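Reviewing the structure listed below.
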Amino acid sequence: MSSSQLLMPRSLNKRPSTVPSLSSNTRGHQVYIETFGCQMNEYDTELLRALLKERGFRFTAQGEEADVVLFNTCAIRENAHNRLYGHLAEFKRAKQERGVVIGVLGCMAQNLKKDLLEERPFIDVLVGPDGYRRLPDLLTDALESHKRGMAVDLSESETYDDIVPDRTEGINGWIAVMRGCDNFCSFCVVPYTRGRERSRDPKGILEEARRLADQGVRQITLLGQNVNSYHYDQWDFANLLVGVADISGIQRVRFTSPHPKDFPPALIEAVAQHPHVCRHIHLPLQSGNDRILERMGRSYTQADYLYLVEAIQRKGPIALTTDIICGFCGETEQEFQDTMHVMRSVEFQAAFVFKYSERKHTIAARKYPDDVSDPVKGQRANRLVEWQKRVSAKKNRSLTGRSVEVLVEGHSKKSQSQWMGHSESNVTVVWDRSETPCPVGSLVSIIVDDASPSTLFGHLVPADS
Ligand code: 5AD
Ligand code: SF4
């Protein structure tokens with residue numbers, strides 16, 4: 001399904017005459033990009049940088065130096081909207097004083113389209129997730145002719161397969177393997193902001209992974225809104241995962257986010273067996289109650305989910321993490337208790353807990369009243385978070401005295417005298433610097449001395465011991 005072309009009202013196609021003019025040469029204009037939301041948005045920012053760089057734009061990390069300020073946005077929950085509005089207000093002044101060109105890109109641009117331009121007349125450019133190729137031209141028009149513009153058509157085929165993302169250095173890299181989503185979970189805006197599912201040619205993905213390995217990337221995360229529904233000719237997601245994990249130099253491969261309905265035995269096998277695929281699965285549950293799952297359009301029951309968890313756990317220790325939505329339309333206390341029940345039986349390594357937030361255009365917004373009060377949503381969310389903290393702390397503490405394998409990422413955020421990395425289960429690990437070098441990107445063994453719900457603290461096992 002592709003959105004129809006939206007024509008801009010004439011009145012919107014002009015900037016206020018009081019706005020100061022920028023130089024007519026777009027080459028070398030300084031662009032500041034702020035990215036909100038998920039890893040897919042981080043990846044999309046890398047694509048955007050590549051597209052802009054090719055056309056002579058340069059980048060600055062300082063918003064106050066920029067001629068162009070871009071926000072790559074997220075629309076998944078209400079608070080993502082509020083954060084953007086806060087940031088836009090900050091740059092409105094820069095617009096009045098210096099004539100900065102302001103662009104809103106990504107999911108919110110797609111979701112709100114003309115409304116956003118009408119309500120915020122200081123926005124010059126709106127570009128949805130399938131319109132990135134048009135961004136350089138739209139910015140050039142805004143800079144040279146003060147023209148406002150938008151590209152918000154969804155595409156059935158755009159995968160940006162030919163664009164080499166302009167990434168910042170580091171040992172972590174991500175690759176979007178598919179885009180869009182056909183699931184239409186009733187609460188979710190993604191199918192409307194990112195359009196229909198389409199998978200990239202595995203040749204391009206493997207080439208991108210090899211290039212990342214050559215650049216020093218050691219951990220790759222494969223991304224997709226519904227990543228395990230990836231399919232291209234004879235390739236399914238399990239084949240692709242193994243193909244990427246086989247690339248020399250790549251130590252670890254992760255993926256996010258899968259849907260429980262697309263989890264064949266071969267995929268479980270790849271996670272369980274391949275030495276370079278992390279033994280960690282993020283498996284969004286959303287709710288543990290069958291009536292709510294049905295309303296959510298998740299196409300599994302509590303029993304199906306627990307059956308899948310059992311199949312995974314039969315393969316030995318594989319860390320499971322999840323997403324939960326509290327207070328979805330009509331959720332009763334008893335139905336919420338079913339979610340608690342699944343949390344108790346599975347004992348996830350970590351859980352991301354969200355209060356339900358009604359999104360424009362979604363099936364739930366059209367079909368069901370958002371009738372659980374905000375305090376009740378909050379209270380349910382707190383109960384889940386408190387429970388999860390105890391479970392995470394217990395799991396982490398059970399590792400005390402044991403050795404975990406850690407990919408070294410750099411010094412810890414809090415102290416230059418400590419190193420930081422992640423375990424295979426994706427738990428943060430911190431240890432004191434010692435005489436023994438810990439090159440960034442290497443795998444080291446850390447003996448756990450202490451643990452909090454989110455972090456393991458330990459010491460390095462010297463390589464020769
Ligand atoms: N309200 C609350 N949480 C949501 N999510 C997606 N849409 C909504 C919504 N409307 C959560 C889901 C999803 C995660 C990325 O965000 O749990 O897995
Ligand atoms: Fe949204 Fe469901 Fe698609 Fe995930 S699978 S992106 S929750 S519609």
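Chain lettering (A, B, ...) mirrors the order of the structure tokens, residue numbering begins at 1 for each chain separately, and ligand numbering begins at 1 in order of display.
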
Counting only C-alpha atoms and all ligand atoms, name the residues that have an atom within 7 Å of an atom of ligand 1; the answer should be given as a PDB file with all heavy atoms, in the first residue's frame.
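Output below, filename out_30.pdb:
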ATOM      1  N   ILE A  76       6.568   6.022  17.693  1.00  0.00           N
ATOM      2  CA  ILE A  76       6.009   4.800  18.278  1.00  0.00           C
ATOM      3  C   ILE A  76       5.120   5.071  19.490  1.00  0.00           C
ATOM      4  O   ILE A  76       4.102   4.445  19.664  1.00  0.00           O
ATOM      5  CB  ILE A  76       7.131   3.770  18.579  1.00  0.00           C
ATOM      6  CG1 ILE A  76       6.575   2.369  18.750  1.00  0.00           C
ATOM      7  CG2 ILE A  76       7.971   4.115  19.774  1.00  0.00           C
ATOM      8  CD1 ILE A  76       6.755   1.509  17.576  1.00  0.00           C
ATOM      9  N   ARG A  77       5.517   6.046  20.318  1.00  0.00           N
ATOM     10  CA  ARG A  77       4.691   6.385  21.503  1.00  0.00           C
ATOM     11  C   ARG A  77       4.594   7.882  21.650  1.00  0.00           C
ATOM     12  O   ARG A  77       5.404   8.625  21.094  1.00  0.00           O
ATOM     13  CB  ARG A  77       5.317   5.773  22.775  1.00  0.00           C
ATOM     14  CG  ARG A  77       5.138   4.277  22.895  1.00  0.00           C
ATOM     15  CD  ARG A  77       5.876   3.710  24.083  1.00  0.00           C
ATOM     16  NE  ARG A  77       7.315   3.852  23.938  1.00  0.00           N
ATOM     17  CZ  ARG A  77       8.111   3.022  23.276  1.00  0.00           C
ATOM     18  NH1 ARG A  77       7.608   1.946  22.710  1.00  0.00           N
ATOM     19  NH2 ARG A  77       9.395   3.239  23.183  1.00  0.00           N
ATOM     20  N   PHE A 187      -2.006  -1.939  17.984  1.00  0.00           N
ATOM     21  CA  PHE A 187      -1.516  -0.757  18.704  1.00  0.00           C
ATOM     22  C   PHE A 187      -0.447   0.002  17.943  1.00  0.00           C
ATOM     23  O   PHE A 187      -0.063   1.096  18.342  1.00  0.00           O
ATOM     24  CB  PHE A 187      -0.922  -1.186  20.071  1.00  0.00           C
ATOM     25  CG  PHE A 187       0.117  -2.285  19.955  1.00  0.00           C
ATOM     26  CD1 PHE A 187       1.423  -1.994  19.613  1.00  0.00           C
ATOM     27  CD2 PHE A 187      -0.226  -3.615  20.170  1.00  0.00           C
ATOM     28  CE1 PHE A 187       2.372  -2.991  19.483  1.00  0.00           C
ATOM     29  CE2 PHE A 187       0.716  -4.630  20.043  1.00  0.00           C
ATOM     30  CZ  PHE A 187       2.027  -4.312  19.700  1.00  0.00           C
ATOM     31  N   CYS A 188       0.067  -0.568  16.853  1.00  0.00           N
ATOM     32  CA  CYS A 188       1.353  -0.114  16.317  1.00  0.00           C
ATOM     33  C   CYS A 188       1.227   0.756  15.063  1.00  0.00           C
ATOM     34  O   CYS A 188       0.525   0.419  14.105  1.00  0.00           O
ATOM     35  CB  CYS A 188       2.211  -1.332  16.008  1.00  0.00           C
ATOM     36  SG  CYS A 188       3.879  -0.881  15.536  1.00  0.00           S
ATOM     37  N   VAL A 189       1.971   1.842  15.062  1.00  0.00           N
ATOM     38  CA  VAL A 189       1.899   2.806  13.972  1.00  0.00           C
ATOM     39  C   VAL A 189       2.877   2.451  12.835  1.00  0.00           C
ATOM     40  O   VAL A 189       2.764   2.985  11.723  1.00  0.00           O
ATOM     41  CB  VAL A 189       2.174   4.228  14.551  1.00  0.00           C
ATOM     42  CG1 VAL A 189       3.650   4.445  14.842  1.00  0.00           C
ATOM     43  CG2 VAL A 189       1.619   5.323  13.683  1.00  0.00           C
ATOM     44  N   PRO A 284       9.463 -10.101  21.896  1.00  0.00           N
ATOM     45  CA  PRO A 284       8.386  -9.277  22.447  1.00  0.00           C
ATOM     46  C   PRO A 284       7.127 -10.087  22.748  1.00  0.00           C
ATOM     47  O   PRO A 284       6.612 -10.787  21.881  1.00  0.00           O
ATOM     48  CB  PRO A 284       8.128  -8.249  21.334  1.00  0.00           C
ATOM     49  CG  PRO A 284       9.432  -8.170  20.602  1.00  0.00           C
ATOM     50  CD  PRO A 284       9.965  -9.577  20.621  1.00  0.00           C
ATOM     51  N   GLN A 286       4.375  -8.559  24.671  1.00  0.00           N
ATOM     52  CA  GLN A 286       3.330  -7.501  24.654  1.00  0.00           C
ATOM     53  C   GLN A 286       2.257  -7.739  25.721  1.00  0.00           C
ATOM     54  O   GLN A 286       1.971  -6.834  26.492  1.00  0.00           O
ATOM     55  CB  GLN A 286       2.671  -7.321  23.271  1.00  0.00           C
ATOM     56  CG  GLN A 286       3.622  -7.221  22.071  1.00  0.00           C
ATOM     57  CD  GLN A 286       4.624  -6.072  22.118  1.00  0.00           C
ATOM     58  OE1 GLN A 286       4.682  -5.327  23.062  1.00  0.00           O
ATOM     59  NE2 GLN A 286       5.438  -5.949  21.080  1.00  0.00           N
ATOM     60  N   ASP A 323       9.407  -7.176  25.375  1.00  0.00           N
ATOM     61  CA  ASP A 323       8.678  -5.904  25.451  1.00  0.00           C
ATOM     62  C   ASP A 323       7.275  -6.203  25.961  1.00  0.00           C
ATOM     63  O   ASP A 323       6.650  -7.180  25.520  1.00  0.00           O
ATOM     64  CB  ASP A 323       8.483  -5.284  24.053  1.00  0.00           C
ATOM     65  CG  ASP A 323       9.769  -4.775  23.429  1.00  0.00           C
ATOM     66  OD1 ASP A 323      10.747  -4.580  24.162  1.00  0.00           O
ATOM     67  OD2 ASP A 323       9.771  -4.570  22.196  1.00  0.00           O
ATOM     68  N   ILE A 324       6.782  -5.349  26.860  1.00  0.00           N
ATOM     69  CA  ILE A 324       5.418  -5.504  27.380  1.00  0.00           C
ATOM     70  C   ILE A 324       4.692  -4.174  27.256  1.00  0.00           C
ATOM     71  O   ILE A 324       5.280  -3.116  27.521  1.00  0.00           O
ATOM     72  CB  ILE A 324       5.430  -5.856  28.897  1.00  0.00           C
ATOM     73  CG1 ILE A 324       6.337  -7.053  29.205  1.00  0.00           C
ATOM     74  CG2 ILE A 324       4.009  -6.047  29.429  1.00  0.00           C
ATOM     75  CD1 ILE A 324       5.737  -8.399  28.908  1.00  0.00           C
ATOM     76  N   ILE A 325       3.429  -4.227  26.869  1.00  0.00           N
ATOM     77  CA  ILE A 325       2.587  -3.028  26.890  1.00  0.00           C
ATOM     78  C   ILE A 325       1.573  -3.180  28.026  1.00  0.00           C
ATOM     79  O   ILE A 325       0.861  -4.189  28.088  1.00  0.00           O
ATOM     80  CB  ILE A 325       1.844  -2.832  25.554  1.00  0.00           C
ATOM     81  CG1 ILE A 325       2.860  -2.624  24.422  1.00  0.00           C
ATOM     82  CG2 ILE A 325       0.883  -1.647  25.636  1.00  0.00           C
ATOM     83  CD1 ILE A 325       2.249  -2.466  23.050  1.00  0.00           C
ATOM     84  N   PHE A 354       6.176  -0.694  28.613  1.00  0.00           N
ATOM     85  CA  PHE A 354       5.598   0.549  28.097  1.00  0.00           C
ATOM     86  C   PHE A 354       4.148   0.674  28.520  1.00  0.00           C
ATOM     87  O   PHE A 354       3.421  -0.318  28.556  1.00  0.00           O
ATOM     88  CB  PHE A 354       5.651   0.568  26.560  1.00  0.00           C
ATOM     89  CG  PHE A 354       7.008   0.279  26.001  1.00  0.00           C
ATOM     90  CD1 PHE A 354       7.310  -0.958  25.450  1.00  0.00           C
ATOM     91  CD2 PHE A 354       8.011   1.236  26.054  1.00  0.00           C
ATOM     92  CE1 PHE A 354       8.571  -1.233  24.949  1.00  0.00           C
ATOM     93  CE2 PHE A 354       9.285   0.970  25.558  1.00  0.00           C
ATOM     94  CZ  PHE A 354       9.558  -0.260  24.999  1.00  0.00           C
ATOM     95  N   LYS A 355       3.747   1.911  28.812  1.00  0.00           N
ATOM     96  CA  LYS A 355       2.316   2.171  29.018  1.00  0.00           C
ATOM     97  C   LYS A 355       1.695   2.306  27.625  1.00  0.00           C
ATOM     98  O   LYS A 355       2.292   2.954  26.750  1.00  0.00           O
ATOM     99  CB  LYS A 355       2.112   3.496  29.778  1.00  0.00           C
ATOM    100  CG  LYS A 355       2.600   3.461  31.200  1.00  0.00           C
ATOM    101  CD  LYS A 355       2.095   4.642  31.998  1.00  0.00           C
ATOM    102  CE  LYS A 355       2.755   5.950  31.606  1.00  0.00           C
ATOM    103  NZ  LYS A 355       2.276   7.098  32.370  1.00  0.00           N
ATOM    104  N   TYR A 356       0.520   1.733  27.417  1.00  0.00           N
ATOM    105  CA  TYR A 356      -0.115   1.852  26.106  1.00  0.00           C
ATOM    106  C   TYR A 356      -0.357   3.322  25.766  1.00  0.00           C
ATOM    107  O   TYR A 356      -0.831   4.096  26.585  1.00  0.00           O
ATOM    108  CB  TYR A 356      -1.442   1.087  26.071  1.00  0.00           C
ATOM    109  CG  TYR A 356      -2.212   1.368  24.797  1.00  0.00           C
ATOM    110  CD1 TYR A 356      -1.655   1.054  23.566  1.00  0.00           C
ATOM    111  CD2 TYR A 356      -3.459   1.984  24.831  1.00  0.00           C
ATOM    112  CE1 TYR A 356      -2.333   1.345  22.383  1.00  0.00           C
ATOM    113  CE2 TYR A 356      -4.142   2.276  23.650  1.00  0.00           C
ATOM    114  CZ  TYR A 356      -3.567   1.954  22.433  1.00  0.00           C
ATOM    115  OH  TYR A 356      -4.229   2.254  21.264  1.00  0.00           O
ATOM    116  N   SER A 357      -0.017   3.667  24.535  1.00  0.00           N
ATOM    117  CA  SER A 357      -0.157   5.040  24.085  1.00  0.00           C
ATOM    118  C   SER A 357      -0.879   5.005  22.726  1.00  0.00           C
ATOM    119  O   SER A 357      -0.375   4.403  21.770  1.00  0.00           O
ATOM    120  CB  SER A 357       1.268   5.598  24.012  1.00  0.00           C
ATOM    121  OG  SER A 357       1.449   6.582  23.098  1.00  0.00           O
ATOM    122  N   GLU A 358      -2.066   5.561  22.697  1.00  0.00           N
ATOM    123  CA  GLU A 358      -2.880   5.459  21.463  1.00  0.00           C
ATOM    124  C   GLU A 358      -2.214   6.216  20.321  1.00  0.00           C
ATOM    125  O   GLU A 358      -1.788   7.356  20.502  1.00  0.00           O
ATOM    126  CB  GLU A 358      -4.271   6.038  21.719  1.00  0.00           C
ATOM    127  CG  GLU A 358      -5.210   5.822  20.558  1.00  0.00           C
ATOM    128  CD  GLU A 358      -6.613   6.314  20.875  1.00  0.00           C
ATOM    129  OE1 GLU A 358      -7.371   5.570  21.504  1.00  0.00           O
ATOM    130  OE2 GLU A 358      -6.924   7.457  20.488  1.00  0.00           O
ATOM    131  N   ARG A 359      -2.119   5.567  19.153  1.00  0.00           N
ATOM    132  CA  ARG A 359      -1.490   6.184  17.990  1.00  0.00           C
ATOM    133  C   ARG A 359      -2.509   6.393  16.879  1.00  0.00           C
ATOM    134  O   ARG A 359      -3.262   5.475  16.541  1.00  0.00           O
ATOM    135  CB  ARG A 359      -0.347   5.296  17.445  1.00  0.00           C
ATOM    136  CG  ARG A 359       0.715   4.884  18.418  1.00  0.00           C
ATOM    137  CD  ARG A 359       1.714   5.961  18.746  1.00  0.00           C
ATOM    138  NE  ARG A 359       1.153   7.055  19.488  1.00  0.00           N
ATOM    139  CZ  ARG A 359       1.605   8.298  19.474  1.00  0.00           C
ATOM    140  NH1 ARG A 359       2.626   8.612  18.715  1.00  0.00           N
ATOM    141  NH2 ARG A 359       1.054   9.237  20.204  1.00  0.00           N
TER     142      ARG A 359
END

Exercise. Near Glu409 (chain A), within 8 Å and counting only C-alpha atoms, which residues show up once chain neighbours fewer than 6 positions away are dropped, as a VMD selection string?
Worked result: chain A and resid 171 419 to 422 440 to 441

Residues from the last selection, N, CA and C atoms, saved as a PDB file, in the first residue's frame:
ATOM      1  N   ILE A 171      33.163  -0.509  17.048  1.00  0.00           N
ATOM      2  CA  ILE A 171      33.157  -1.958  16.815  1.00  0.00           C
ATOM      3  C   ILE A 171      31.742  -2.509  16.654  1.00  0.00           C
ATOM      4  N   TRP A 419      37.051  -0.428  32.329  1.00  0.00           N
ATOM      5  CA  TRP A 419      36.628  -0.846  30.987  1.00  0.00           C
ATOM      6  C   TRP A 419      35.162  -1.245  31.004  1.00  0.00           C
ATOM      7  N   MET A 420      34.568  -1.250  29.798  1.00  0.00           N
ATOM      8  CA  MET A 420      33.156  -1.624  29.698  1.00  0.00           C
ATOM      9  C   MET A 420      32.934  -2.474  28.443  1.00  0.00           C
ATOM     10  N   GLY A 421      32.023  -3.405  28.548  1.00  0.00           N
ATOM     11  CA  GLY A 421      31.629  -4.193  27.381  1.00  0.00           C
ATOM     12  C   GLY A 421      30.297  -4.860  27.675  1.00  0.00           C
ATOM     13  N   HIS A 422      29.890  -5.775  26.806  1.00  0.00           N
ATOM     14  CA  HIS A 422      28.637  -6.498  27.044  1.00  0.00           C
ATOM     15  C   HIS A 422      28.884  -8.007  27.008  1.00  0.00           C
ATOM     16  N   VAL A 440      40.106  -2.702  22.398  1.00  0.00           N
ATOM     17  CA  VAL A 440      38.699  -2.538  22.016  1.00  0.00           C
ATOM     18  C   VAL A 440      38.412  -3.495  20.856  1.00  0.00           C
ATOM     19  N   GLY A 441      37.320  -4.241  20.966  1.00  0.00           N
ATOM     20  CA  GLY A 441      36.965  -5.189  19.903  1.00  0.00           C
ATOM     21  C   GLY A 441      37.428  -6.601  20.195  1.00  0.00           C
TER      22      GLY A 441
END

Problem set entry | All strand (DSSP E) residues (DSSP, backbone) inside region 244-350 of chain A, as a PyMOL selection string | chain A and resi 252-256+280-282+319-326+350

Exercise. Can you tell me, as an MDAnalysis selection string, what residues are no more than 12 Å from Leu154 (chain A) when counting only C-alpha atoms, ignoring any on the same chain fewer than 2 positions away?
Worked result: chainID A and resid 1:6 106:107 109:111 127:132 151:152 156:159 179:180 190:198

Output C-alpha atoms for every residue in the selection just made, as a PDB file, in the first residue's frame.
ATOM      1  CA  MET A   1       0.000   0.000   0.000  1.00  0.00           C
ATOM      2  CA  SER A   2       1.454   3.342  -0.858  1.00  0.00           C
ATOM      3  CA  SER A   3       0.207   6.682   0.373  1.00  0.00           C
ATOM      4  CA  SER A   4      -1.158   9.017  -2.219  1.00  0.00           C
ATOM      5  CA  GLN A   5       0.903  12.026  -3.194  1.00  0.00           C
ATOM      6  CA  LEU A   6       0.153  14.882  -0.842  1.00  0.00           C
ATOM      7  CA  GLY A 106      11.352   9.627   9.497  1.00  0.00           C
ATOM      8  CA  CYS A 107       8.287   8.211  11.181  1.00  0.00           C
ATOM      9  CA  ALA A 109       7.077  13.146   9.250  1.00  0.00           C
ATOM     10  CA  GLN A 110       5.265  10.236   7.633  1.00  0.00           C
ATOM     11  CA  ASN A 111       2.652   9.989  10.368  1.00  0.00           C
ATOM     12  CA  VAL A 127      10.628  13.524   4.565  1.00  0.00           C
ATOM     13  CA  GLY A 128       9.228  10.071   5.430  1.00  0.00           C
ATOM     14  CA  PRO A 129      11.288   6.849   5.689  1.00  0.00           C
ATOM     15  CA  ASP A 130      10.870   6.030   1.968  1.00  0.00           C
ATOM     16  CA  GLY A 131      11.678   9.539   0.734  1.00  0.00           C
ATOM     17  CA  TYR A 132      15.282   9.981   1.878  1.00  0.00           C
ATOM     18  CA  ALA A 151       8.398  13.611   0.333  1.00  0.00           C
ATOM     19  CA  VAL A 152       6.008  11.344   2.180  1.00  0.00           C
ATOM     20  CA  GLU A 156       6.743  -1.000  -2.013  1.00  0.00           C
ATOM     21  CA  SER A 157      10.306  -1.533  -3.161  1.00  0.00           C
ATOM     22  CA  GLU A 158      12.679   1.047  -1.650  1.00  0.00           C
ATOM     23  CA  THR A 159      15.427  -0.693   0.389  1.00  0.00           C
ATOM     24  CA  ARG A 179      12.038  -2.568   5.946  1.00  0.00           C
ATOM     25  CA  GLY A 180       8.382  -2.059   6.802  1.00  0.00           C
ATOM     26  CA  VAL A 190       4.880   1.241  12.149  1.00  0.00           C
ATOM     27  CA  PRO A 191       2.950  -0.264   9.194  1.00  0.00           C
ATOM     28  CA  TYR A 192       1.605   3.247   8.510  1.00  0.00           C
ATOM     29  CA  THR A 193       4.894   5.107   8.919  1.00  0.00           C
ATOM     30  CA  ARG A 194       7.211   2.572   7.306  1.00  0.00           C
ATOM     31  CA  GLY A 195       4.904   0.850   4.851  1.00  0.00           C
ATOM     32  CA  ARG A 196       4.882  -2.689   3.547  1.00  0.00           C
ATOM     33  CA  GLU A 197       7.470  -5.352   4.269  1.00  0.00           C
ATOM     34  CA  ARG A 198      10.330  -5.714   1.778  1.00  0.00           C
TER      35      ARG A 198
END

For this session: Within 7 Å of region 300-311 of chain A, counting only C-alpha atoms, which residues show up once you throw out same-chain ones fewer than 5 positions away? Write them as number ranges by chain, please.
Result: A: 260-261, 288-290, 293

Let's have the selection written as a compact mmCIF listing (two decimals), in the first residue's frame, with N, CA, C and O atoms.
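The resulting out_25.txt:
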# COMPACT_ATOMS: atom_id res chain seq x y z
N PRO A 260 7.25 -13.48 17.50
CA PRO A 260 7.21 -14.90 17.90
C PRO A 260 6.59 -15.81 16.84
O PRO A 260 6.86 -17.02 16.82
N LYS A 261 5.75 -15.26 15.94
CA LYS A 261 5.08 -16.13 14.97
C LYS A 261 6.03 -16.64 13.88
O LYS A 261 5.71 -17.58 13.19
N GLY A 288 0.30 -11.17 28.24
CA GLY A 288 0.23 -12.61 28.49
C GLY A 288 -1.20 -13.11 28.50
O GLY A 288 -1.45 -14.26 28.84
N ASN A 289 -2.14 -12.25 28.11
CA ASN A 289 -3.56 -12.64 28.16
C ASN A 289 -4.11 -12.85 26.76
O ASN A 289 -3.93 -12.01 25.87
N ASP A 290 -4.83 -13.96 26.57
CA ASP A 290 -5.28 -14.33 25.23
C ASP A 290 -6.27 -13.32 24.61
O ASP A 290 -6.22 -13.06 23.42
N LEU A 293 -4.18 -10.34 23.64
CA LEU A 293 -3.32 -10.67 22.49
C LEU A 293 -4.15 -10.69 21.21
O LEU A 293 -3.70 -10.23 20.16

Problem set entry | Distance of CA of Arg383 (chain A) from CA of Pro453 (chain A), expressed in Å to one decimal place |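 Calculated distance between CA of Pro453 (chain A) and CA of Arg383 (chain A) is 15.4 Å.
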
Name all residues at most 12 Å from Asn172 (chain A) (count only C-alpha atoms; drop same-chain ones fewer than 5 positions away) and give them as an mmCIF file with C-alpha atoms, in the first residue's frame.
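As written to disk, around.cif reads:
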data_model
loop_
_atom_site.group_PDB
_atom_site.id
_atom_site.type_symbol
_atom_site.label_atom_id
_atom_site.label_comp_id
_atom_site.auth_asym_id
_atom_site.auth_seq_id
_atom_site.Cartn_x
_atom_site.Cartn_y
_atom_site.Cartn_z
ATOM 1 C CA GLN A 39 18.451 1.413 16.055
ATOM 2 C CA TYR A 43 20.880 3.240 10.673
ATOM 3 C CA ARG A 167 28.825 5.326 9.759
ATOM 4 C CA ALA A 209 28.663 -7.062 6.538
ATOM 5 C CA LEU A 212 31.896 -3.560 8.214
ATOM 6 C CA ALA A 213 34.227 -6.407 9.247
ATOM 7 C CA GLN A 215 36.406 -1.503 8.929
ATOM 8 C CA GLY A 216 36.940 -3.156 12.325
ATOM 9 C CA VAL A 217 33.330 -3.864 13.302
ATOM 10 C CA ARG A 218 33.177 -6.945 15.526
ATOM 11 C CA GLN A 219 29.464 -7.064 16.412
ATOM 12 C CA ILE A 220 26.661 -6.704 13.891
ATOM 13 C CA THR A 221 22.986 -6.284 14.737
ATOM 14 C CA LEU A 222 20.592 -7.237 11.946
ATOM 15 C CA ILE A 250 32.656 -10.850 12.921
ATOM 16 C CA GLN A 251 32.654 -12.110 16.511
ATOM 17 C CA ARG A 252 29.019 -11.559 17.385
ATOM 18 C CA VAL A 253 25.719 -11.246 15.549
ATOM 19 C CA ARG A 254 22.447 -10.120 17.157
ATOM 20 C CA LEU A 407 33.356 -7.915 23.946
ATOM 21 C CA VAL A 408 35.496 -4.911 24.962
ATOM 22 C CA GLU A 409 33.846 -1.638 23.882
ATOM 23 C CA GLY A 410 35.912 1.075 25.645
ATOM 24 C CA GLY A 421 31.629 -4.193 27.381
ATOM 25 C CA HIS A 422 28.637 -6.498 27.044
ATOM 26 C CA VAL A 440 38.699 -2.538 22.016
ATOM 27 C CA GLY A 441 36.965 -5.189 19.903
#

Mind running chain A against ligand 2 at 6 Å and telling me each contacting residue's nearest atom pair with the distance in Å (one decimal), counting only C-alpha atoms and all ligand atoms, chain and number ascending, as CSV?
residue,atom,partner,partner_atom_place_in_ligand_line,distance
A:Cys181,CA,ligand 2,3 (Fe),4.7
A:Asn183,CA,ligand 2,8 (S),4.8
A:Phe184,CA,ligand 2,8 (S),4.2
A:Cys185,CA,ligand 2,8 (S),4.2
A:Cys188,CA,ligand 2,1 (Fe),4.5
A:Val190,CA,ligand 2,1 (Fe),5.1
A:Pro191,CA,ligand 2,8 (S),5.8
A:Gln225,CA,ligand 2,6 (S),4.6
A:Asn226,CA,ligand 2,5 (S),5.2
A:His259,CA,ligand 2,5 (S),5.9

Exercise. Nearest to Thr322 (chain A): which of A:Asp67, A:Asp450, A:Glu347, A:Glu335 is it, counting only C-alpha atoms?
Worked result: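 Among the listed residues, A:Glu347 lies closest to Thr322 (chain A).
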
Problem set entry | Atomic separation - CA of Leu384 (chain A) relative to CA of Ser398 (chain A), Å | 21.1 Å

Problem set entry | Within 9 Å of Ala319 (chain A) using only C-alpha atoms, minus same-chain residues under 5 positions, as a list in words |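 The filter keeps Arg279, His280, Ile281, His282, Gln313, Phe348, Gln349, Ala350, Glu424, Ser425 and Asn426 of chain A.
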
For this session: For His411 (chain A), list every protein, DNA or RNA residue within 12 Å, evaluated using only C-alpha atoms, and leave out those in the same chain fewer than 5 positions away; present the list as a VMD selection string.
Result: chain A and resid 416 to 421 429 to 433 438 to 440
